[in-house]
Amino acid sequence: MAPDHDPDHGSDHDAEHDPDHDGASRDPVVRYERRGPVATVTMNRPEYRNAQNSAMTYALDDAFRAAADDDEVKVVVLAGAGGHFSAGHDIGSPGRDADVPFARRAGLWWDHCDKAGAERRFARESEVYLGMCRRWRELPKPMIASVQGACVAGGLMLAWVCDLIVASEDAFFADPVVRMGIPGVEYFAHPWVMPPRVAKEFLFTGDRMSARRAHEVGMVNRVVARDRLASHTEELADRVAQMPRMGLALAKRAVNQAEDLQGLHSGLDSVFGLHHLAHAHNAETAADPLGGMDVAAMKARAAGRGGTHR
Ligand code: ZN
């Protein structure tokens, strides 16, 4: 769970559920375009800084499936429309659909909607957060994240499941959920995508990590000017696309297997348990599973300190 959007957009009314469209507009929540061997998948809720609701999650999955199935596609780019890549999971936009059932794809957990307590949270997050992220990481074609502006909390998970990350100079990365008493987002890759001591600072402070710092610690591959982000990502994708499909699939799998041998797979499972201990603790002791921290409260805390982790 994560802060998502400008609270001025309101959060009290429910949008009519439409799996292909955002509650606030008729534009698709995810756009899919192919140009030559490169498929570009664009999150398209810019008015909510691409806050990820379930509709977007399953639309992303449809797009990745289309890219996997299309023999013309060699490389997939994941981008965000507007000024920000993704500000995290949707915890308050009019299109929030956490209580809406969707056909599940990541595993065999039952639907969470008619369940209560920790069972409800665990079933839901096993499917839409941990399960879907793992599924996407296994897409057997290279994925390149193209990141500008905010890449916060749930947004990190989307960038991290990609194989390469190109960031613009204005991009920043943060996981502020420790403020909710939660030890990081559901896909706990932190100590694998950055050195452990840097991961601790990132979590303990919740501060923004600049694109330059993210590059320095090896979390992103390239940092480019904002107006060069799309073209640079495309050039890199075109270059990768010159390699043979099977070679790319096996090279990707080889490195993913190495990460798993270094503990990523079991690390994700064990911290997912701690994450749910935190949600349960919050539900027992505070106002709600997010420790009483809504979007406005998270923003106020961040604004009060304004720290930047270089
Ligand atoms: Zn959670």
# chains A, B, ... in the order shown; residues from 1 in each chain; ligands from 1
>>> residues_near_ligand(ligand="ligand 1", cutoff="7 Å", atoms="only C-alpha atoms and all ligand atoms", output="compact mmCIF listing (two decimals) with C-alpha atoms, in the first residue's frame")
# COMPACT_ATOMS: atom_id res chain seq x y z
CA MET A 1 0.00 0.00 0.00
CA GLU A 125 -2.04 -8.89 -1.77
CA VAL A 185 6.19 -2.53 -0.01
CA GLU A 186 4.82 -6.00 -0.75
CA HIS A 275 4.50 -7.02 5.86
CA HIS A 276 1.26 -8.76 6.84
CA HIS A 279 -0.90 -4.74 8.57
>>> residues_around(residues="range 239-242 of chain A", least_positions_apart="3", cutoff="7 Å", atoms="only C-alpha atoms", output="number ranges by chain")
A: 37, 74-75, 235-236
>>> write_last_selection(atoms="C-alpha atoms", output="PDB file, in the first residue's frame")
ATOM      1  CA  PRO A  37      10.042  -5.143 -32.386  1.00  0.00           C
ATOM      2  CA  LYS A  74      11.242  -8.675 -28.901  1.00  0.00           C
ATOM      3  CA  VAL A  75      11.366  -6.091 -26.101  1.00  0.00           C
ATOM      4  CA  GLU A 235      17.119   3.354 -28.813  1.00  0.00           C
ATOM      5  CA  LEU A 236      18.130   0.960 -26.050  1.00  0.00           C
TER       6      LEU A 236
END
>>> closest_residue(among="A:Phe122, A:Phe272, A:Trp110, A:Phe173", to="Tyr187 in chain A", atoms="only C-alpha atoms")
A:Phe272
>>> residues_around(residues="range 259-262 of chain A", least_positions_apart="6", cutoff="12 Å", atoms="only C-alpha atoms", output="JSON list (two decimals) with C-alpha atoms, in the first residue's frame")
[["chain", "number", "residue", "atom", "x", "y", "z"],
["A", 134, "ARG", "CA", 6.45, -12.29, -9.80],
["A", 137, "ARG", "CA", 9.23, -10.63, -13.74],
["A", 138, "GLU", "CA", 9.05, -14.01, -15.50],
["A", 163, "ASP", "CA", 15.06, -5.98, -16.37],
["A", 189, "ALA", "CA", 13.39, -6.53, -3.44],
["A", 191, "PRO", "CA", 18.28, -5.33, -0.52],
["A", 192, "TRP", "CA", 18.69, -6.99, -3.94],
["A", 193, "VAL", "CA", 18.26, -3.87, -6.06],
["A", 252, "LYS", "CA", 17.05, -13.09, -18.65],
["A", 253, "ARG", "CA", 16.25, -16.37, -16.96],
["A", 268, "LEU", "CA", 10.20, -11.96, -0.90],
["A", 269, "ASP", "CA", 8.15, -14.67, 0.80]]
>>> atom_distance(atom1="CA of Val147 in chain A", atom2="CA of Gly80 in chain A")
7.3 Å
>>> decode(residues="range 127-176 of chain A", atoms="N, CA and C atoms", output="short mmCIF file (atom, residue, chain, number, x, y, z; two decimals), in the first residue's frame")
data_model
loop_
_atom_site.label_atom_id
_atom_site.label_comp_id
_atom_site.auth_asym_id
_atom_site.auth_seq_id
_atom_site.Cartn_x
_atom_site.Cartn_y
_atom_site.Cartn_z
N GLU A 127 -2.27 -12.07 -4.46
CA GLU A 127 -2.65 -12.08 -5.87
C GLU A 127 -2.17 -10.82 -6.59
N VAL A 128 -2.67 -9.66 -6.15
CA VAL A 128 -2.49 -8.47 -6.99
C VAL A 128 -1.12 -7.81 -6.83
N TYR A 129 -0.43 -8.04 -5.73
CA TYR A 129 0.87 -7.39 -5.57
C TYR A 129 2.02 -8.39 -5.75
N LEU A 130 2.18 -9.29 -4.78
CA LEU A 130 3.33 -10.20 -4.88
C LEU A 130 3.20 -11.12 -6.08
N GLY A 131 2.04 -11.74 -6.24
CA GLY A 131 1.85 -12.72 -7.31
C GLY A 131 2.00 -12.12 -8.69
N MET A 132 1.34 -10.99 -8.93
CA MET A 132 1.41 -10.39 -10.26
C MET A 132 2.82 -9.89 -10.56
N CYS A 133 3.48 -9.33 -9.56
CA CYS A 133 4.86 -8.85 -9.80
C CYS A 133 5.77 -10.01 -10.17
N ARG A 134 5.62 -11.12 -9.48
CA ARG A 134 6.45 -12.29 -9.80
C ARG A 134 6.15 -12.80 -11.21
N ARG A 135 4.87 -12.80 -11.56
CA ARG A 135 4.46 -13.26 -12.88
C ARG A 135 5.10 -12.38 -13.97
N TRP A 136 5.07 -11.07 -13.75
CA TRP A 136 5.61 -10.16 -14.76
C TRP A 136 7.13 -10.27 -14.85
N ARG A 137 7.77 -10.48 -13.72
CA ARG A 137 9.23 -10.63 -13.74
C ARG A 137 9.63 -11.82 -14.61
N GLU A 138 8.74 -12.80 -14.74
CA GLU A 138 9.05 -14.01 -15.50
C GLU A 138 8.69 -13.88 -16.98
N LEU A 139 8.17 -12.75 -17.41
CA LEU A 139 7.88 -12.58 -18.84
C LEU A 139 9.18 -12.83 -19.62
N PRO A 140 9.17 -13.79 -20.57
CA PRO A 140 10.46 -14.21 -21.14
C PRO A 140 11.00 -13.30 -22.24
N LYS A 141 10.68 -12.03 -22.16
CA LYS A 141 11.26 -11.04 -23.06
C LYS A 141 11.78 -9.89 -22.21
N PRO A 142 12.86 -9.24 -22.64
CA PRO A 142 13.39 -8.14 -21.83
C PRO A 142 12.36 -7.02 -21.65
N MET A 143 12.29 -6.51 -20.43
CA MET A 143 11.39 -5.39 -20.11
C MET A 143 12.24 -4.22 -19.64
N ILE A 144 11.94 -3.06 -20.17
CA ILE A 144 12.68 -1.85 -19.80
C ILE A 144 11.70 -0.85 -19.20
N ALA A 145 11.96 -0.43 -17.96
CA ALA A 145 11.13 0.62 -17.36
C ALA A 145 11.69 1.97 -17.78
N SER A 146 10.77 2.86 -18.13
CA SER A 146 11.12 4.22 -18.53
C SER A 146 10.50 5.14 -17.48
N VAL A 147 11.34 5.68 -16.59
CA VAL A 147 10.83 6.28 -15.35
C VAL A 147 11.10 7.79 -15.29
N GLN A 148 10.02 8.54 -15.09
CA GLN A 148 10.15 9.98 -14.85
C GLN A 148 9.38 10.34 -13.59
N GLY A 149 9.73 11.45 -12.97
CA GLY A 149 8.97 11.92 -11.80
C GLY A 149 8.95 10.89 -10.68
N ALA A 150 7.77 10.75 -10.07
CA ALA A 150 7.65 9.88 -8.90
C ALA A 150 7.66 8.41 -9.28
N CYS A 151 8.47 7.67 -8.57
CA CYS A 151 8.42 6.20 -8.62
C CYS A 151 8.44 5.79 -7.15
N VAL A 152 7.24 5.75 -6.58
CA VAL A 152 7.11 5.68 -5.13
C VAL A 152 6.35 4.42 -4.71
N ALA A 153 6.85 3.78 -3.67
CA ALA A 153 6.20 2.62 -3.03
C ALA A 153 5.76 1.60 -4.08
N GLY A 154 4.45 1.42 -4.29
CA GLY A 154 3.99 0.44 -5.28
C GLY A 154 4.61 0.67 -6.65
N GLY A 155 4.95 1.91 -6.97
CA GLY A 155 5.61 2.22 -8.24
C GLY A 155 6.97 1.55 -8.35
N LEU A 156 7.65 1.43 -7.21
CA LEU A 156 8.97 0.77 -7.21
C LEU A 156 8.83 -0.67 -7.71
N MET A 157 7.77 -1.33 -7.27
CA MET A 157 7.58 -2.74 -7.61
C MET A 157 7.48 -2.91 -9.12
N LEU A 158 6.79 -1.96 -9.76
CA LEU A 158 6.62 -2.05 -11.22
C LEU A 158 7.95 -1.82 -11.94
N ALA A 159 8.73 -0.87 -11.45
CA ALA A 159 10.04 -0.63 -12.08
C ALA A 159 10.99 -1.80 -11.81
N TRP A 160 10.93 -2.33 -10.58
CA TRP A 160 11.89 -3.37 -10.19
C TRP A 160 11.67 -4.70 -10.91
N VAL A 161 10.43 -4.99 -11.32
CA VAL A 161 10.22 -6.25 -12.04
C VAL A 161 10.73 -6.16 -13.48
N CYS A 162 11.03 -4.93 -13.91
CA CYS A 162 11.63 -4.79 -15.25
C CYS A 162 13.11 -5.15 -15.18
N ASP A 163 13.66 -5.53 -16.33
CA ASP A 163 15.06 -5.98 -16.37
C ASP A 163 16.03 -4.81 -16.37
N LEU A 164 15.67 -3.76 -17.10
CA LEU A 164 16.50 -2.56 -17.17
C LEU A 164 15.64 -1.37 -16.75
N ILE A 165 16.29 -0.36 -16.20
CA ILE A 165 15.56 0.86 -15.85
C ILE A 165 16.31 2.05 -16.44
N VAL A 166 15.58 2.83 -17.25
CA VAL A 166 16.10 4.12 -17.73
C VAL A 166 15.32 5.19 -16.98
N ALA A 167 16.04 6.10 -16.33
CA ALA A 167 15.37 7.15 -15.55
C ALA A 167 15.72 8.51 -16.12
N SER A 168 14.78 9.44 -16.03
CA SER A 168 15.10 10.82 -16.40
C SER A 168 15.68 11.51 -15.18
N GLU A 169 16.33 12.66 -15.43
CA GLU A 169 17.02 13.35 -14.34
C GLU A 169 16.06 13.78 -13.23
N ASP A 170 14.78 13.96 -13.57
CA ASP A 170 13.82 14.40 -12.56
C ASP A 170 13.18 13.23 -11.81
N ALA A 171 13.56 12.01 -12.13
CA ALA A 171 12.94 10.85 -11.47
C ALA A 171 13.41 10.76 -10.02
N PHE A 172 12.53 10.28 -9.16
CA PHE A 172 12.95 9.99 -7.79
C PHE A 172 12.23 8.75 -7.30
N PHE A 173 12.88 8.10 -6.36
CA PHE A 173 12.43 6.80 -5.86
C PHE A 173 12.27 6.90 -4.34
N ALA A 174 11.20 6.35 -3.81
CA ALA A 174 11.02 6.38 -2.36
C ALA A 174 10.07 5.28 -1.92
N ASP A 175 10.33 4.75 -0.73
CA ASP A 175 9.39 3.82 -0.11
C ASP A 175 9.10 4.32 1.30
N PRO A 176 8.07 5.17 1.42
CA PRO A 176 7.81 5.80 2.72
C PRO A 176 6.90 4.99 3.64
#
